[in-house]
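Participant: I have a structure here, written as structure tokens, and I will follow up with some questions on it.
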Number of protein chains: 2
Amino acid sequence: MRQLLATTLLAFAITSTAQEALWESSAAVSPQLNADGTYTFRITAPKATEVTLWSDALPMVRTVDAKGDSITTRPLAQLSRGEAGVWEYTTPFVPAPELYSYTFFVDSVRTADLSNVYLIRDVTSVNNIFIPGAGPDSLYIAGRDVPRGDIAKVWYRDRRTGADRRMTVYTPAAYRTEPTRRFPVLYLLHGMGGDENAWSELGRASQILDNLIARGEAEPMIVVMPNGNPAQTAAPGETAAGLYTPTMALPHTMDGTFEEGFFDIIEHVDSHYRTVPGKQNMAIAGLSMGGFHALHISKQYPDTFGYVGLFSAATKPLQPSDSPVYKYFDAKLKRQFSTPPALYWIGIGRDDFLYDLNTELRAQLDDIGAQYEYVETDGGHQWRNWRRYLTDFSKKLFK
Amino acid sequence: MRQLLATTLLAFAITSTAQEALWESSAAVSPQLNADGTYTFRITAPKATEVTLWSDALPMVRTVDAKGDSITTRPLAQLSRGEAGVWEYTTPFVPAPELYSYTFFVDSVRTADLSNVYLIRDVTSVNNIFIPGAGPDSLYIAGRDVPRGDIAKVWYRDRRTGADRRMTVYTPAAYRTEPTRRFPVLYLLHGMGGDENAWSELGRASQILDNLIARGEAEPMIVVMPNGNPAQTAAPGETAAGLYTPTMALPHTMDGTFEEGFFDIIEHVDSHYRTVPGKQNMAIAGLSMGGFHALHISKQYPDTFGYVGLFSAATKPLQPSDSPVYKYFDAKLKRQFSTPPALYWIGIGRDDFLYDLNTELRAQLDDIGAQYEYVETDGGHQWRNWRRYLTDFSKKLFK
């Protein structure tokens with residue numbers, strides 16, 4: 001009987017992993033890390049005539065368009081058909097340590113790599129991810145023996161609407177092991193189309209902080225990642241609206257609503273977590289629209305944040321807004337810098353479509369004699385830069 | 001300038017949602033809820049010759065196999081090719097309220113529906129999901145104006161190995177709004193191949209509890225969902241091992257290791273959360289291997305749990321084990337029922353491959369005169385039943 005049971009359970013273990021196991025035979029190992037550091041991507045598609053790979057791991061190529069202008073594009077990689085209908089492509093290079101996204105196109109149908117269970121939604125799209133360079137130097141996978149912080153999805157009361165809204169809260173490992181210690185707080189804001197999950201998923205915030213704190217390169221801190229979309233109370237799929245299709249553009253994202261309600265977030269955090277009071281223990285940063293929010297919140301409430309980070313930030317509302325938040329920009333900035341923050345940090349990529357607006361902002365800061373740090377990187381409006389900016393910025397906080 | 005900015009940002013919003021927007025044209029609305037309650041599934045595949053749909057929403061059909069035996073199978077649904085290479089299938093029935101999984105096969109390649117951003121991993125497979133019947137009667141989407149509990153991913157110290165292990169903790173809305181109140185705890189365990197994410201994702205534990213508590217049908221309670229695999233400290237992708245390919249079978253899952261370490265979990269919960277002490281405020285339940293764990297933990301520590309739930313439970317170790325946990329089964333069961341739990345609840349589907357073992361267990365319980373509740377449902381070893389069992393069981397706790 002014992003033997004029979006073991007056989008039955010083992011058969012179950014092998015065959016029923018996904019209800020009816022119709023697709024077991026199609027499994028190919030993908031992506032595969034090769035001994036030389038290259039990666040091989042595979043998909044089984046016996047009837048396909050063309051299979052290609054898109055990935056931000058593939059290099060950009062500079063070409064000339066029809067008008068003779070130099071442009072950069074990222075060509076798809078062609079997979080080669082092998083035995084038993086398995087298509088594959090091996091990178092001719094070792095990808096640098098990074099978090100990359102990718103997807104297949106099988107006869108022009110965008111197809112997820114279902115041999116790889118790691119997929120993350122970015123706004124309206126779901127893509128596979130892979131992370132080369134996991135190991136002692138990697139920031140995006142928490143290292144071996146690195147004490148791990150906790151991550152919570154919590155609801156706070158928005159007083160204006162009376163509704164509960166969701167935020168993600170990272171508490172460092174020391175928060176758990178030192179039960180009376182109090183911690184400074186970084187408020188970390190997402191971009192347009194993002195939500196309270198963005199920084200903890202594609203942004204790798206908890207892995208970055210866990211690693212930096214373990215190395216002594218960042219102070220232990222609480223990181224609060226709220227939902228910055230007044231038109232939704234939580235990420236798509238997490239509310240009574242059910243599993244609706246997300247959209248990039250939502251109303252009220254840049255009309256002052258989020259900025260004016262921000263103290264409800266601070267109040268919830270201060271009343272539910274062991275925080276240290278005072279400007280020198282509060283930081284705010286964000287990417288793109290979140291950088292816009294960080295800019296305007298820190299300026300509107302000038303004695304609140306000792307550290308401000310603008311990552312590829314928008315600086316002006318997308319649509320004209322009458323909100324008092326955006327009035328008297330220069331005067332408020334001057335007021336903010338009359339008792340200057342310990343750090344005002346601006347990061348932008350040279351190819352970012354918001355580059356010129358950041359140049360303009362820096363000129364305004366220069367005009368009033370404001371001190372700030374400025375970092376210019378390769379690339380454009382992309383997660384690769386935002387993870388790097390978070391890494392650089394968080395090392396400088398609360399010291 | 002303001003106008004130019006708006007145009008630029010809008011263009012960005014429309015075109016750059018996923019880095020390079022190569023796949024925007026392939027988007028079809030899928031799945032679509034029709035006015036009559038049926039669902040339409042669509043995928044754009046201009047070059048395909050056959051597209052089929054697998055879903056556990058499709059009915060099982062009873063047929064006769066080559067040997068003349070009656071068997072039940074779930075046929076794939078055929079999609080029809082329409083204009084512009086868009087294939088579609090409309091269900092000839094209104095799916096009952098439930099969480100369903102599905103996937104396409106495009107010319108035999110298993111293909112995720114990337115028009116639907118909701119995908120959940122089940123052990124080694126990722127599938128799309130959809131949830132018909134969202135509305136006042138739905139349990140699997142939290143209802144409008146239903147106060148929401150918080151969900152945390154926290155790490156506790158496993159004293160045997162010295163490693164930190166991860167668990168998911170649900171705290172009900174009242175935990176947040178009544179800051180001195182203490183709550184009873186349900187320990188809720190996953191099955192083989194699952195992990196600390198299983199009950200909060202496919203299991204919909206927080207939505208079920210939020211809804212039942214809001215309706216007054218369940219008491220507010222903390223729900224603790226640990227990782228029951230001693231060979232991993234956390235779900236795949238959440239550890240220093242990086243983004244490895246998960247497997248169904250792991251070592252040490254049924255050799256007493258998890259059961260013997262269970263007090264580390266209880267101690268972490270009691271020292272970090274406002275719990276109410278005492279057997280009458282502690283419940284343990286699990287599905288399949290988790291049911292096995294609940295059975296053996298509750299029997300090994302007979303004065304700990306006042307409520308025990310076995311959902312499609314395994315009852316005996318998969319492989320022979322010398323663990324003291326599994327010795328003296330009958331005597332320990334008798335000892336456990338000498339001061340009987342308030343509720344000992346067994347649920348199993350008539351088609352479950354563990355049905356006979358549950359019949360055997362009931363005979364053992366009958367032999368010692370133990371009182372238990374027994375629920376037999378349609379279907380087999382599947383999430384549909386486990387969500388239903390959690391619903392029924394949690395209504396009976398702590399009353």
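Residues in the structure tokens are numbered from 1 in each chain, the chains being A, B, ... in the order shown, and ligands are numbered from 1 in the order shown.
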Considering only C-alpha atoms, give me a table of residues in chain A that are at most 7 Å from chain B, with the closest atom pair and distance in Å for each, as a tab-separated table.
Facilitator:
```
residue	atom	partner	partner_atom	distance
A:Leu5	CA	B:Leu318	CA	6.9
A:Ala6	CA	B:Leu318	CA	4.9
A:Leu9	CA	B:Leu318	CA	6.7
A:Ala13	CA	B:Met248	CA	6.0
A:Thr17	CA	B:Val123	CA	6.2
A:Ala18	CA	B:Ser125	CA	5.9
A:Trp23	CA	B:Arg110	CA	6.7
A:Thr44	CA	B:Val109	CA	6.9
A:Ala45	CA	B:Val109	CA	5.6
A:Lys47	CA	B:Asp107	CA	6.5
A:Asp107	CA	B:Lys47	CA	6.5
A:Val109	CA	B:Ala45	CA	5.6
A:Arg110	CA	B:Trp23	CA	6.6
A:Thr111	CA	B:Thr111	CA	5.8
A:Ala112	CA	B:Ala112	CA	6.2
A:Leu114	CA	B:Val126	CA	6.7
A:Asn116	CA	B:Thr245	CA	6.9
A:Val117	CA	B:Val126	CA	6.0
A:Arg121	CA	B:Val117	CA	6.8
A:Asp122	CA	B:Ala18	CA	6.5
A:Val123	CA	B:Thr17	CA	6.2
A:Thr124	CA	B:Thr17	CA	6.4
A:Ser125	CA	B:Ala18	CA	6.0
A:Val126	CA	B:Val117	CA	6.0
A:Ala134	CA	B:Gly242	CA	6.7
A:Ile141	CA	B:Ala240	CA	6.0
A:Ala142	CA	B:Ala240	CA	5.4
A:Gly143	CA	B:Ala240	CA	5.0
A:Arg144	CA	B:Ala240	CA	5.1
A:Asp150	CA	B:Val154	CA	4.6
A:Ile151	CA	B:Lys153	CA	5.2
A:Ala152	CA	B:Ala152	CA	3.9
A:Lys153	CA	B:Ile151	CA	5.2
A:Val154	CA	B:Asp150	CA	4.6
A:Trp155	CA	B:Asp150	CA	6.5
A:Thr239	CA	B:Ala142	CA	6.5
A:Ala240	CA	B:Gly143	CA	5.0
A:Gly242	CA	B:Ile141	CA	6.1
A:Thr245	CA	B:Asn116	CA	6.9
A:Met248	CA	B:Ala13	CA	6.0
A:Ala249	CA	B:Ala13	CA	6.5
A:Leu318	CA	B:Ala6	CA	5.0
A:Gln319	CA	B:Ala6	CA	6.1
```
Participant: Can you list, as an MDAnalysis selection string, every protein, DNA or RNA residue that comes within 9 Å of range 311-313 of chain B when you count only C-alpha atoms, leaving out same-chain residues fewer than 3 positions away?
Facilitator: chainID B and resid 191 285:295 345:349 352:355 357:358 380:382 385:386 389:390
Participant: Suppose we keep C-alpha atoms; can you now write the selection as an mmCIF file, in the first residue's frame?
Facilitator:
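Contents of selection.cif, as written:
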```
data_model
loop_
_atom_site.group_PDB
_atom_site.id
_atom_site.type_symbol
_atom_site.label_atom_id
_atom_site.label_comp_id
_atom_site.auth_asym_id
_atom_site.auth_seq_id
_atom_site.Cartn_x
_atom_site.Cartn_y
_atom_site.Cartn_z
ATOM 1 C CA GLY B 191 0.348 21.681 -1.396
ATOM 2 C CA ALA B 285 -5.574 23.738 7.690
ATOM 3 C CA GLY B 286 -3.969 22.842 4.413
ATOM 4 C CA LEU B 287 -4.506 21.423 0.967
ATOM 5 C CA SER B 288 -3.019 18.111 -0.232
ATOM 6 C CA MET B 289 0.524 18.031 1.221
ATOM 7 C CA GLY B 290 -0.542 20.967 3.403
ATOM 8 C CA GLY B 291 -3.449 18.871 4.647
ATOM 9 C CA PHE B 292 -0.919 16.171 5.436
ATOM 10 C CA HIS B 293 1.115 18.718 7.383
ATOM 11 C CA ALA B 294 -1.989 19.981 9.212
ATOM 12 C CA LEU B 295 -2.968 16.416 10.111
ATOM 13 C CA TRP B 345 -13.029 19.202 9.222
ATOM 14 C CA ILE B 346 -12.355 16.960 6.219
ATOM 15 C CA GLY B 347 -13.168 17.949 2.640
ATOM 16 C CA ILE B 348 -12.482 15.824 -0.445
ATOM 17 C CA GLY B 349 -13.707 15.601 -4.038
ATOM 18 C CA ASP B 352 -9.740 13.001 -6.003
ATOM 19 C CA PHE B 353 -6.906 10.466 -6.261
ATOM 20 C CA LEU B 354 -6.600 10.776 -2.468
ATOM 21 C CA TYR B 355 -10.250 9.830 -1.926
ATOM 22 C CA LEU B 357 -6.914 7.515 1.792
ATOM 23 C CA ASN B 358 -9.434 9.942 3.217
ATOM 24 C CA GLY B 380 -10.916 16.251 -7.824
ATOM 25 C CA HIS B 381 -7.616 17.604 -6.699
ATOM 26 C CA GLN B 382 -8.071 21.193 -7.771
ATOM 27 C CA ASN B 385 -12.353 22.794 -4.366
ATOM 28 C CA TRP B 386 -9.686 24.240 -2.100
ATOM 29 C CA TYR B 389 -13.148 24.360 1.396
ATOM 30 C CA LEU B 390 -11.390 27.459 2.749
#
```
Participant: DSSP on the backbone: what in range 117-264 of chain A comes out strand (DSSP E or B), as number ranges by chain?
Facilitator: A: 119-122, 125-130, 150-157, 164-171, 183, 185-189, 222-226
Participant: Could you check which of A:Pro302, A:Glu376, A:Tyr328, A:Pro220 is closest to Lys399 in chain A, using only C-alpha atoms?
Facilitator: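 Of all the options, A:Pro220 lies closest to Lys399 in chain A.
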Participant: Can you tell me how far CA of Tyr344 in chain A sits from CA of Val308 in chain A, in Å to one decimal?
Facilitator: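 These two atoms are separated by 4.8 Å.
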